[in-house]
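Source file: structure_10.txt. Holds: compact mmCIF, C-alpha atoms.
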# COMPACT_ATOMS: atom_id res chain seq x y z
CA MET Y 23 87.71 42.88 -12.87
CA ASP Y 24 90.95 42.09 -14.61
CA ILE Y 25 92.35 38.56 -15.17
CA THR Y 26 95.88 37.91 -16.42
CA LEU Y 27 97.74 34.68 -17.14
CA ASP Y 28 101.53 34.55 -16.86
CA LYS Y 29 103.10 31.37 -18.22
CA ASN Y 30 106.50 30.13 -17.14
CA GLU Y 31 109.19 29.60 -19.74
CA ASP Y 32 108.49 25.86 -19.75
CA GLN Y 33 104.87 26.60 -20.80
CA LEU Y 34 103.76 23.96 -18.27
CA ASN Y 35 103.14 26.19 -15.26
CA ALA Y 36 101.36 29.52 -14.97
CA ILE Y 37 100.06 32.05 -12.46
CA LEU Y 38 96.50 33.31 -12.97
CA THR Y 39 95.88 36.65 -11.25
CA VAL Y 40 92.38 38.00 -10.62
CA HIS Y 41 92.15 41.70 -9.74
CA LEU Y 42 88.83 42.68 -8.13
CA THR Y 43 87.58 46.20 -7.52
CA GLU Y 44 84.71 47.25 -5.28
CA ALA Y 45 82.46 47.60 -8.32
CA ASP Y 46 82.85 43.88 -9.04
CA TYR Y 47 81.32 42.65 -5.81
CA SER Y 48 79.51 45.55 -4.04
CA ALA Y 49 76.10 45.04 -5.67
CA ALA Y 50 76.03 41.33 -4.77
CA VAL Y 51 77.14 42.07 -1.20
CA GLU Y 52 74.46 44.74 -0.73
CA SER Y 53 71.78 42.40 -2.11
CA LYS Y 54 72.85 39.67 0.29
CA LEU Y 55 72.84 42.08 3.25
CA LYS Y 56 69.25 43.07 2.45
CA GLU Y 57 68.27 39.39 2.29
CA TYR Y 58 69.82 38.81 5.71
CA SER Y 59 68.05 41.81 7.20
CA LYS Y 60 64.68 40.36 6.13
CA LYS Y 61 65.40 36.88 7.51
CA ALA Y 62 67.61 37.61 10.53
CA GLN Y 63 66.15 37.01 13.98
CA ILE Y 64 67.85 39.37 16.43
CA LYS Y 65 66.60 40.08 19.92
CA GLY Y 66 64.92 43.47 20.13
CA PHE Y 67 63.84 43.57 16.49
CA ARG Y 68 60.76 42.23 14.77
CA PRO Y 69 61.38 39.72 11.92
CA GLY Y 70 62.14 41.59 8.72
CA LYS Y 71 62.82 44.85 10.54
CA VAL Y 72 66.51 44.39 11.37
CA PRO Y 73 68.47 47.43 10.09
CA VAL Y 74 70.89 46.72 7.26
CA THR Y 75 73.57 48.67 9.13
CA LEU Y 76 73.33 46.23 12.05
CA VAL Y 77 73.44 43.23 9.73
CA ARG Y 78 76.49 44.75 8.02
CA LYS Y 79 78.22 45.17 11.36
CA MET Y 80 77.43 41.63 12.50
CA TYR Y 81 77.72 39.65 9.26
CA GLY Y 82 79.22 42.00 6.68
CA LYS Y 83 82.75 40.57 6.70
CA GLY Y 84 81.53 36.99 6.32
CA ILE Y 85 79.11 37.91 3.52
CA LEU Y 86 81.88 39.82 1.72
CA ALA Y 87 84.23 36.84 1.94
CA ASP Y 88 81.56 34.44 0.69
CA GLU Y 89 80.63 36.63 -2.26
CA ILE Y 90 84.25 37.18 -3.26
CA ASN Y 91 84.94 33.43 -3.09
CA SER Y 92 81.88 32.73 -5.22
CA LEU Y 93 82.88 35.43 -7.73
CA LEU Y 94 86.44 34.09 -7.89
CA GLY Y 95 85.29 30.54 -8.58
CA LYS Y 96 82.98 31.60 -11.43
CA SER Y 97 85.50 34.03 -12.90
CA VAL Y 98 88.43 31.61 -12.90
CA ASP Y 99 86.36 28.75 -14.34
CA GLY Y 100 84.88 31.06 -16.98
CA TYR Y 101 88.28 32.41 -18.01
CA ILE Y 102 89.76 28.93 -18.39
CA LYS Y 103 86.81 27.71 -20.49
CA GLU Y 104 86.56 30.83 -22.65
CA ASN Y 105 90.27 30.72 -23.46
CA ASN Y 106 90.31 26.93 -23.90
CA ILE Y 107 93.16 26.51 -21.42
CA LYS Y 108 93.91 22.84 -20.81
CA ILE Y 109 94.83 22.43 -17.16
CA LEU Y 110 95.84 19.57 -14.92
CA GLY Y 111 93.40 19.05 -12.07
CA GLU Y 112 92.22 22.37 -10.66
CA PRO Y 113 93.76 25.80 -10.03
CA LEU Y 114 95.56 25.91 -6.68
CA PRO Y 115 95.04 29.21 -4.80
CA LEU Y 116 98.22 30.84 -3.55
CA GLU Y 117 98.21 32.24 -0.04
CA THR Y 118 97.06 35.86 -0.06
CA GLN Y 119 96.94 38.33 2.83
CA VAL Y 120 93.72 40.38 2.71
CA ASP Y 121 92.07 42.83 5.08
CA PHE Y 122 88.33 42.93 4.51
CA ASP Y 123 88.02 45.86 6.95
CA THR Y 124 90.16 48.28 4.99
CA GLN Y 125 90.74 46.93 1.46
CA LYS Y 126 88.45 47.69 -1.43
CA ASP Y 127 90.53 46.17 -4.23
CA PHE Y 128 91.96 42.67 -4.06
CA ASP Y 129 94.45 40.56 -5.99
CA PHE Y 130 94.13 36.78 -5.86
CA LYS Y 131 96.62 34.43 -7.48
CA PHE Y 132 96.18 30.83 -8.61
CA GLU Y 133 98.80 28.33 -9.67
CA LEU Y 134 97.98 26.36 -12.81
CA GLY Y 135 99.49 23.20 -14.24
CA LEU Y 136 99.17 23.32 -18.03
CA LEU Y 137 98.71 20.23 -20.17
CA PRO Y 138 100.83 20.32 -23.33
CA ASP Y 139 99.77 19.52 -26.85
CA PHE Y 140 101.15 16.22 -28.13
CA GLU Y 141 100.96 13.88 -31.09
CA LEU Y 142 99.95 10.24 -31.00
CA PRO Y 143 102.32 7.67 -32.52
CA ALA Y 144 101.94 7.17 -36.27
CA ASP Y 145 99.52 4.45 -37.37
CA GLN Y 146 101.09 0.98 -37.58
CA SER Y 147 104.23 2.16 -35.76
CA ILE Y 148 103.45 0.11 -32.66
CA THR Y 149 103.44 -3.69 -32.51
CA VAL Y 150 101.71 -5.84 -29.90
CA ASP Y 151 101.37 -9.61 -29.46
CA ARG Y 152 98.07 -11.47 -29.32
CA GLN Y 153 98.58 -14.77 -27.52
CA GLN Y 154 96.87 -17.70 -29.20
CA VAL Y 155 96.50 -20.19 -26.36
CA THR Y 156 96.42 -23.92 -27.08
CA VAL Y 157 94.37 -25.91 -24.56
CA ASP Y 158 96.44 -29.02 -23.85
CA GLU Y 159 95.52 -32.26 -22.11
CA LYS Y 160 97.18 -31.19 -18.87
CA THR Y 161 94.92 -28.14 -18.66
CA LEU Y 162 91.86 -30.29 -19.36
CA GLU Y 163 92.94 -32.71 -16.65
CA GLU Y 164 93.38 -29.88 -14.13
CA THR Y 165 89.92 -28.53 -14.99
CA HIS Y 166 88.44 -32.01 -14.60
CA ASP Y 167 90.05 -32.24 -11.14
CA GLN Y 168 88.55 -28.87 -10.20
CA ILE Y 169 85.09 -30.03 -11.26
CA VAL Y 170 85.47 -33.21 -9.23
CA ARG Y 171 86.58 -31.26 -6.14
CA GLN Y 172 83.76 -28.77 -6.52
CA PHE Y 173 80.88 -31.13 -7.17
CA GLY Y 174 82.06 -34.40 -5.60
CA GLU Y 175 81.31 -35.45 -2.02
CA SER Y 176 84.09 -34.32 0.33
CA THR Y 177 85.30 -36.15 3.45
CA ASN Y 178 88.27 -35.97 5.83
CA PRO Y 179 89.44 -39.56 6.40
CA ASP Y 180 91.83 -40.64 9.16
CA ALA Y 181 94.51 -41.90 6.74
CA SER Y 182 95.47 -40.92 3.20
CA GLU Y 183 95.10 -42.92 0.00
CA ALA Y 184 96.14 -42.34 -3.60
CA GLY Y 185 94.09 -39.50 -5.09
CA ASP Y 186 93.67 -37.65 -1.78
CA TYR Y 187 94.90 -34.15 -0.97
CA LEU Y 188 97.11 -33.41 2.03
CA TYR Y 189 96.38 -30.07 3.69
CA GLY Y 190 99.07 -28.67 5.95
CA LYS Y 191 102.18 -26.53 6.36
CA LEU Y 192 105.26 -26.81 4.11
CA LYS Y 193 108.71 -25.46 4.93
CA LYS Y 194 112.33 -26.16 4.07
CA ALA Y 195 113.72 -28.82 6.40
CA ASP Y 196 116.13 -26.47 8.16
CA ALA Y 197 113.88 -23.38 8.17
CA GLU Y 198 112.34 -21.73 11.21
CA GLY Y 199 108.61 -21.08 11.64
CA GLU Y 200 105.57 -23.13 10.79
CA GLY Y 201 105.77 -22.74 7.00
CA GLN Y 202 103.42 -22.07 4.11
CA THR Y 203 99.87 -23.44 4.02
CA VAL Y 204 99.57 -25.84 1.06
CA LEU Y 205 97.32 -28.46 -0.48
CA LEU Y 206 99.34 -31.35 -1.92
CA PRO Y 207 97.62 -33.54 -4.55
CA ILE Y 208 99.04 -37.03 -4.04
CA ASN Y 209 98.28 -37.98 -7.64
CA LYS Y 210 100.78 -35.32 -8.82
CA VAL Y 211 103.68 -36.92 -6.92
CA LYS Y 212 105.98 -38.70 -9.40
CA ASN Y 213 108.62 -40.22 -7.11
CA GLY Y 214 108.36 -41.60 -3.58
CA VAL Y 215 104.56 -41.52 -3.54
CA GLU Y 216 104.56 -44.21 -0.82
CA LYS Y 217 105.64 -41.55 1.70
CA PHE Y 218 102.30 -39.81 1.23
CA ILE Y 219 100.09 -42.93 1.51
CA GLY Y 220 98.72 -43.94 4.90
CA VAL Y 221 99.57 -40.56 6.37
CA LYS Y 222 97.50 -39.23 9.29
CA PRO Y 223 96.84 -35.73 10.64
CA GLU Y 224 99.83 -34.33 12.62
CA ASP Y 225 102.27 -36.57 10.71
CA ALA Y 226 105.37 -34.82 9.34
CA ILE Y 227 106.70 -35.97 5.95
CA THR Y 228 110.28 -35.16 4.96
CA PHE Y 229 110.92 -35.39 1.21
CA ASP Y 230 112.98 -33.98 -1.64
CA LEU Y 231 110.57 -31.47 -3.19
CA LYS Y 232 112.23 -31.37 -6.60
CA ASP Y 233 112.52 -35.16 -6.86
CA ALA Y 234 108.96 -35.79 -5.69
CA PHE Y 235 107.58 -33.81 -8.64
CA ALA Y 236 110.30 -35.00 -11.06
CA GLY Y 237 111.54 -31.42 -11.43
CA ASP Y 238 108.26 -30.19 -12.93
CA ALA Y 239 108.47 -26.49 -12.05
CA SER Y 240 104.81 -25.90 -12.89
CA ASP Y 241 103.56 -28.62 -10.54
CA ILE Y 242 105.98 -27.53 -7.81
CA ALA Y 243 104.87 -23.90 -8.11
CA ASN Y 244 101.16 -24.79 -8.12
CA PHE Y 245 101.55 -26.87 -4.96
CA SER Y 246 104.13 -24.95 -2.95
CA GLY Y 247 103.30 -21.29 -3.57
CA LEU Y 248 106.80 -20.70 -4.95
CA SER Y 249 107.24 -18.64 -8.09
CA LYS Y 250 107.98 -20.45 -11.35
CA ASP Y 251 111.66 -19.41 -11.17
CA GLU Y 252 111.98 -20.44 -7.53
CA ALA Y 253 110.32 -23.78 -8.27
CA ALA Y 254 112.72 -24.43 -11.16
CA ASN Y 255 115.72 -23.95 -8.87
CA VAL Y 256 114.41 -25.59 -5.71
CA GLU Y 257 116.83 -27.98 -3.96
CA GLY Y 258 116.93 -30.12 -0.81
CA ASP Y 259 114.50 -31.61 1.67
CA TYR Y 260 111.22 -30.05 2.70
CA VAL Y 261 108.87 -30.98 5.55
CA LEU Y 262 105.08 -31.19 5.16
CA THR Y 263 103.22 -31.22 8.48
CA VAL Y 264 99.79 -32.67 7.73
CA GLU Y 265 96.77 -31.04 9.36
CA LYS Y 266 94.02 -32.96 7.56
CA ILE Y 267 93.33 -35.24 4.61
CA ASN Y 268 90.85 -34.14 1.96
CA ARG Y 269 89.12 -36.81 -0.10
CA THR Y 270 86.56 -36.18 -2.80
CA THR Y 271 84.41 -38.90 -4.31
CA THR Y 272 84.20 -38.55 -8.09
CA PRO Y 273 80.64 -37.57 -8.99
CA GLU Y 274 78.61 -39.45 -11.59
CA PHE Y 275 78.90 -37.81 -14.98
CA ASP Y 276 75.16 -37.70 -15.48
CA GLN Y 277 72.53 -35.10 -16.33
CA GLU Y 278 72.46 -33.85 -12.74
CA LEU Y 279 76.16 -32.95 -12.88
CA PHE Y 280 75.88 -31.51 -16.38
CA ASP Y 281 73.10 -29.19 -15.18
CA LYS Y 282 75.05 -28.14 -12.09
CA VAL Y 283 78.10 -27.18 -14.14
CA PHE Y 284 76.55 -25.56 -17.22
CA GLY Y 285 72.87 -25.01 -16.50
CA LYS Y 286 69.80 -27.08 -17.22
CA ASP Y 287 69.93 -29.10 -20.45
CA VAL Y 288 72.79 -27.07 -21.94
CA VAL Y 289 74.61 -30.38 -22.51
CA THR Y 290 73.02 -33.81 -22.41
CA SER Y 291 75.86 -36.31 -22.90
CA LYS Y 292 79.39 -36.98 -21.67
CA GLU Y 293 80.77 -36.19 -25.13
CA ASP Y 294 78.95 -32.84 -25.23
CA PHE Y 295 80.10 -32.15 -21.66
CA ASP Y 296 83.77 -32.73 -22.53
CA GLU Y 297 83.49 -30.54 -25.60
CA LYS Y 298 81.75 -27.80 -23.61
CA VAL Y 299 84.52 -27.91 -20.99
CA ARG Y 300 87.17 -27.54 -23.71
CA THR Y 301 85.25 -24.72 -25.41
CA THR Y 302 84.71 -22.88 -22.14
CA ILE Y 303 88.40 -23.12 -21.23
CA GLN Y 304 89.34 -21.85 -24.69
CA GLU Y 305 86.90 -18.94 -24.44
CA ASN Y 306 88.28 -18.00 -21.03
CA TYR Y 307 91.86 -18.04 -22.31
CA ASP Y 308 90.88 -16.07 -25.41
CA ARG Y 309 89.23 -13.45 -23.20
CA GLU Y 310 92.29 -13.25 -20.94
CA ALA Y 311 94.57 -13.03 -23.98
CA GLU Y 312 92.44 -10.18 -25.28
CA GLY Y 313 92.81 -8.36 -21.96
CA LEU Y 314 96.57 -8.94 -21.99
CA MET Y 315 96.82 -7.51 -25.50
CA ASN Y 316 94.75 -4.48 -24.49
CA ARG Y 317 97.12 -3.81 -21.61
CA GLN Y 318 100.01 -4.02 -24.08
CA ILE Y 319 98.32 -1.41 -26.27
CA VAL Y 320 97.95 0.94 -23.30
CA ASP Y 321 101.57 0.40 -22.23
CA GLN Y 322 102.94 0.86 -25.74
CA MET Y 323 100.89 3.99 -26.36
CA VAL Y 324 102.13 5.56 -23.12
CA ASN Y 325 105.72 4.48 -23.79
CA ASN Y 326 105.72 5.83 -27.33
CA THR Y 327 103.90 9.13 -26.77
CA THR Y 328 105.98 12.12 -25.74
CA ILE Y 329 104.11 14.08 -23.06
CA THR Y 330 105.84 16.47 -20.67
CA VAL Y 331 103.94 16.79 -17.38
CA PRO Y 332 104.22 19.73 -14.92
CA LYS Y 333 105.72 17.39 -12.36
CA GLU Y 334 105.97 19.55 -9.25
CA PHE Y 335 102.50 21.00 -9.74
CA PHE Y 336 101.09 17.50 -10.27
CA LYS Y 337 102.61 16.31 -7.01
CA LYS Y 338 101.25 19.30 -5.14
CA TRP Y 339 97.79 18.84 -6.66
CA LEU Y 340 97.70 15.12 -5.80
CA VAL Y 341 98.35 15.90 -2.14
CA ARG Y 342 95.78 18.71 -2.12
CA ALA Y 343 93.10 16.73 -3.97
CA ASN Y 344 93.56 13.71 -1.70
CA GLU Y 345 93.91 15.66 1.53
CA GLY Y 346 94.26 13.31 4.47
CA LYS Y 347 94.69 10.27 2.22
CA LEU Y 348 98.03 10.94 0.52
CA THR Y 349 101.18 12.42 1.98
CA PRO Y 350 103.94 14.08 -0.09
CA GLU Y 351 106.15 11.08 0.73
CA GLN Y 352 103.56 8.63 -0.62
CA VAL Y 353 103.16 10.70 -3.78
CA ASP Y 354 106.94 10.67 -4.33
CA GLU Y 355 107.05 6.90 -3.78
CA HIS Y 356 104.35 6.13 -6.35
CA TYR Y 357 104.79 9.15 -8.63
CA ASP Y 358 105.70 7.15 -11.74
CA ASP Y 359 102.40 5.26 -11.50
CA TYR Y 360 100.42 8.49 -11.10
CA GLU Y 361 102.16 10.10 -14.05
CA ARG Y 362 101.63 7.03 -16.20
CA GLU Y 363 97.91 7.03 -15.41
CA LEU Y 364 97.70 10.75 -16.20
CA LYS Y 365 99.40 10.26 -19.57
CA TRP Y 366 97.06 7.42 -20.48
CA SER Y 367 94.09 9.60 -19.50
CA MET Y 368 95.36 12.35 -21.81
CA ILE Y 369 95.89 9.89 -24.67
CA ARG Y 370 92.43 8.41 -24.15
CA ASN Y 371 90.80 11.86 -24.16
CA LYS Y 372 92.67 12.82 -27.33
CA VAL Y 373 91.46 9.67 -29.12
CA VAL Y 374 87.88 10.37 -28.01
CA GLU Y 375 88.09 13.96 -29.26
CA GLU Y 376 89.84 13.26 -32.57
CA GLN Y 377 87.72 10.23 -33.46
CA GLY Y 378 84.45 11.67 -32.18
CA LEU Y 379 83.76 8.64 -29.99
CA LYS Y 380 80.44 8.73 -28.15
CA VAL Y 381 78.34 6.45 -25.96
CA ALA Y 382 74.58 6.37 -26.48
CA ASN Y 383 72.16 5.90 -23.60
CA ASP Y 384 70.77 2.72 -25.20
CA GLU Y 385 74.27 1.23 -25.21
CA ILE Y 386 74.56 1.82 -21.47
CA VAL Y 387 71.14 0.34 -20.74
CA ASP Y 388 71.67 -2.70 -23.02
CA ARG Y 389 75.05 -3.41 -21.46
CA THR Y 390 73.56 -3.21 -17.98
CA MET Y 391 70.73 -5.57 -18.90
CA GLN Y 392 73.17 -8.10 -20.32
CA LYS Y 393 75.29 -7.96 -17.18
CA ILE Y 394 72.25 -8.53 -14.98
CA LEU Y 395 71.09 -11.46 -17.11
CA GLY Y 396 74.59 -12.92 -17.09
CA GLN Y 397 74.58 -12.99 -13.29
CA PHE Y 398 71.53 -15.23 -13.41
CA ASN Y 399 72.73 -17.23 -16.43
CA MET Y 400 69.68 -16.12 -18.45
CA GLU Y 401 69.21 -15.09 -22.07
CA MET Y 402 67.29 -12.04 -23.25
CA THR Y 403 63.76 -12.66 -24.52
CA ASP Y 404 61.06 -10.25 -25.67
CA GLU Y 405 59.11 -11.00 -22.50
CA LEU Y 406 62.10 -10.18 -20.31
CA ARG Y 407 63.24 -7.05 -22.14
CA GLU Y 408 60.66 -4.61 -20.77
CA SER Y 409 60.97 -5.68 -17.13
CA MET Y 410 64.76 -5.89 -17.35
CA ARG Y 411 64.97 -2.38 -18.83
CA SER Y 412 63.06 -1.01 -15.86
CA PHE Y 413 65.39 -2.90 -13.51
CA ALA Y 414 68.45 -1.60 -15.37
CA ASP Y 415 67.17 2.01 -15.33
CA ASN Y 416 66.67 1.80 -11.58
CA TYR Y 417 70.18 0.39 -11.07
CA LEU Y 418 71.76 3.12 -13.20
CA ARG Y 419 70.06 5.87 -11.17
CA GLN Y 420 71.36 4.54 -7.87
CA GLU Y 421 74.14 6.31 -5.94
CA ASN Y 422 73.26 9.62 -7.56
CA GLY Y 423 73.99 8.28 -11.03
CA LYS Y 424 77.41 6.88 -10.15
CA ASN Y 425 76.51 3.50 -11.68
CA TYR Y 426 75.53 5.24 -14.93
CA VAL Y 427 78.85 7.11 -15.06
CA ASN Y 428 80.80 3.91 -14.38
CA GLU Y 429 79.06 2.09 -17.24
CA TYR Y 430 79.56 5.07 -19.55
CA GLU Y 431 83.29 5.20 -18.78
CA ALA Y 432 83.68 1.44 -19.22
CA ILE Y 433 82.05 1.47 -22.66
CA LEU Y 434 84.02 4.54 -23.75
CA ALA Y 435 87.29 2.91 -22.62
CA GLU Y 436 86.46 -0.16 -24.74
CA LYS Y 437 85.78 2.04 -27.76
CA VAL Y 438 89.14 3.79 -27.32
CA ILE Y 439 90.98 0.45 -27.20
CA GLU Y 440 89.03 -0.82 -30.20
CA ASN Y 441 89.94 2.29 -32.14
CA LEU Y 442 93.63 2.02 -31.21
CA ARG Y 443 93.66 -1.66 -32.09
CA GLY Y 444 93.08 -0.66 -35.70
CA LYS Y 445 96.13 1.58 -35.57
CA VAL Y 446 98.69 -0.94 -34.26
CA VAL Y 447 100.27 -4.04 -35.75
CA VAL Y 448 98.96 -7.20 -34.06
CA ASN Y 449 101.16 -10.31 -34.21
CA ASP Y 450 99.49 -13.63 -33.43
CA LYS Y 451 101.76 -15.65 -31.15
CA PRO Y 452 100.95 -19.33 -30.39
CA VAL Y 453 101.56 -20.23 -26.74
CA SER Y 454 100.77 -23.14 -24.43
CA ALA Y 455 98.25 -22.70 -21.64
CA GLU Y 456 100.98 -23.20 -19.04
CA ASP Y 457 103.26 -20.55 -20.54
CA PHE Y 458 100.33 -18.17 -20.87
CA ARG Y 459 99.43 -18.59 -17.22
CA SER Y 460 103.03 -17.82 -16.30
CA GLN Y 461 102.92 -14.61 -18.35
CA ALA Y 462 99.57 -13.53 -16.94
CA VAL Y 463 100.79 -13.62 -13.33
CA SER Y 464 104.23 -12.12 -13.97

Structure rendered as structure tokens:
Amino acid sequence: MDITLDKNEDQLNAILTVHLTEADYSAAVESKLKEYSKKAQIKGFRPGKVPVTLVRKMYGKGILADEINSLLGKSVDGYIKENNIKILGEPLPLETQVDFDTQKDFDFKFELGLLPDFELPADQSITVDRQQVTVDEKTLEETHDQIVRQFGESTNPDASEAGDYLYGKLKKADAEGEGQTVLLPINKVKNGVEKFIGVKPEDAITFDLKDAFAGDASDIANFSGLSKDEAANVEGDYVLTVEKINRTTTPEFDQELFDKVFGKDVVTSKEDFDEKVRTTIQENYDREAEGLMNRQIVDQMVNNTTITVPKEFFKKWLVRANEGKLTPEQVDEHYDDYERELKWSMIRNKVVEEQGLKVANDEIVDRTMQKILGQFNMEMTDELRESMRSFADNYLRQENGKNYVNEYEAILAEKVIENLRGKVVVNDKPVSAEDFRSQAVS
């Protein structure tokens, strides 16, 4: 057997040629033929007494093809590993005309996409922003309204009153169609609120959208489904066709409500409840801000790392690897996204290799236990630990270990980001909750 690798001038593409002679595969083929002769059940012959010559005539070509394919797979994989060749995806076999009846020697060619060496950006050369969100009174008020709607008693009265919500379809006065489904909070209307009082299902209300909300783009966007920019520039009359009125009775702020919202006896007074609401909102925003900063790190690392990808090979491999799911046209349409994800994968792997990042089995099990407990709003105790570990082990073994791999990859990804965070400049940037929400959805 002889294997050669011919790289293109760009050093990103190569052809791997495997030359096989009869000596490379004959012994394995003969062994397989003898196996078949012992197991084959052919009319006129007792089991185990089928002549090898007959088996060769009936099955020889198929056995030869199978053995050569198996030998090729092992040889190509072994060559790539032994020579530490970094490839994209898998080798793609090139079409080869062979005649198993007459040929003894064979040449098989494979197309390779080669991954280039690259350097990560210098430490502290990249800057990212960490949003420091301030929880304002408007955000607290909106959260309070959500709690009331979720835990209060809901009814659908015949006519609207202040504090109700109008559910229906909204459209521009001169527009065709039925419009966008919306839920209008009457208590957010600043001007002309009388138009929305005493309204009944099937009533149509014509009003100046911008004037009704006093030009507050945030309130207009939250109600209408328009983007922040569209809401800021909205003009003219709109029509709301009411389908039903939603009314929610404010629940008593007592221990029963406290327990429903935060769990039994977590808070025991209105003051503690309000503080817990504020703290929870802040924690949620801090967590979202952390995620936003992490995405910035990924984007900046990809943008500032020079990696040349074997583009045409990558496209071809994507189609082949996703046969029946991706067409060449779809690959072309979304190619930039695929290439970006590939580059990030290469950067991530380089960080793991250079920094020696690893994930221990105990980390995976502990993380899984914490996730399970979190679903039930429980805290770990010594009594729970043993039974929860057994539960976690069982979960991680499910789907042929897929859950274990997913947890491993998630923890490793976090370690990569944590490592990179120490290599970038982080600027703390104060921002209001409203502005942060606008950034998060843009």

(message) If we count only C-alpha atoms and set the cut-off at 8 Å, which residues sit around Gln277 of chain Y, ignoring sequence neighbours fewer than 4 positions away in its own chain? Please answer as a list in words.
(response) Asp281, Asp287, Thr290 and Ser291 of chain Y

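For the set Y:Ile208, Y:Leu93, Y:Ile267, Y:Val170, the residue with the smallest atom-to-atom gap to Gly190 of chain Y is Y:Ile267, counting only C-alpha atoms.
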
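For Lys126 of chain Y, the non-local neighbours within 12 Å, defined as residues at least 6 positions apart in the same chain or in other chains and counting all atoms listed in the file, are His41, Leu42, Thr43, Glu44, Ala45, Asp46, Tyr47, Ser48, Leu86, Ile90 and Val120 of chain Y.
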
(request) Would you list the contacts of Trp366 of chain Y as an MDAnalysis selection string, taking every protein, DNA or RNA residue within 10 Å and counting all atoms listed in the file, but skipping same-chain residues closer than 6 positions in sequence? (result) chainID Y and resid 320:321 323:325 327 372

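Across the model, the gap from atom CA of Leu279 of chain Y to atom CA of Asp241 of chain Y is 27.8 Å.
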
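If you measure from each of Y:Ile25, Y:Arg407, Y:Leu116, Y:Asn244 to Ser97 of chain Y using all atoms listed in the file, the closest one turns out to be Y:Ile25.
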
So that each row is one residue of segment 214-311 of chain Y with an atom at most 7 Å from segment 138-161 of chain Y, can you give its shortest atom pair and the distance in Å to one decimal, using only C-alpha atoms, rows by chain and rising number, as CSV?
residue,atom,partner,partner_atom,distance
Y:Gln304,CA,Y:Val157,CA,6.5
Y:Tyr307,CA,Y:Val155,CA,6.5
Y:Ala311,CA,Y:Gln153,CA,5.6

(request) Find the distance between atom CA of Pro73 of chain Y and atom CA of Val51 of chain Y and write it in Å to one decimal. (result) 15.2 Å

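Across the structure, atom CA of Gly174 of chain Y and atom CA of Glu274 of chain Y are spaced 8.6 Å apart.
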
(message) With only C-alpha atoms as the counted atoms, please give the residues lying no more than 7 Å from segment 133-136 of chain Y, apart from itself and same-chain residues fewer than 6 positions off, as a VMD selection string.
(response) chain Y and resid 34 to 38 108 to 110 113 to 116 332 335

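Candidate residues Y:Glu112, Y:Asp296, Y:Glu57, Y:Glu200 were compared for distance to Thr165 of chain Y, and the nearest is Y:Asp296, using all atoms listed in the file.
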
(request) Pull the neighbourhood of (102.6, -22.6, -11.2) for me: all residues within 10 Å in file coordinates, counting only C-alpha atoms, as JSON, numbers by chain. (result) {"Y": [238, 239, 240, 241, 242, 243, 244, 245, 246, 247, 248, 249, 250, 251, 253, 456, 457, 459, 460, 463]}

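For Pro179 of chain Y, the non-local neighbours within 10 Å, defined as residues at least 5 positions apart in the same chain or in other chains and counting only C-alpha atoms, are Asp186, Lys222, Pro223, Lys266, Ile267, Asn268 and Arg269 of chain Y.
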
(message) Restricting the calculation to only C-alpha atoms: of Y:Asn383, Y:Thr118, Y:Thr270, Y:Ser53, which residue gets closest to Glu89 of chain Y?
(response) Y:Ser53

Centre and edge lengths of an axis-aligned box around all listed atoms of segment 319-337 of chain Y, with 4 Å added on each side, are to be given in Å to one decimal, as AutoDock Vina command-line options.
--center_x 102.0 --center_y 9.8 --center_z -17.2 --size_x 16.0 --size_y 30.4 --size_z 28.3

(message) Considering only C-alpha atoms, can you say which of Y:Gly84, Y:Gly111, Y:His356, Y:Glu164 comes closest to Trp339 of chain Y?
(response) Y:Gly111

(request) Using only C-alpha atoms, find the one residue out of Y:Asp294, Y:Ala226, Y:Val261, Y:Asp450 that sits nearest to Asp276 of chain Y. (result) Y:Asp294
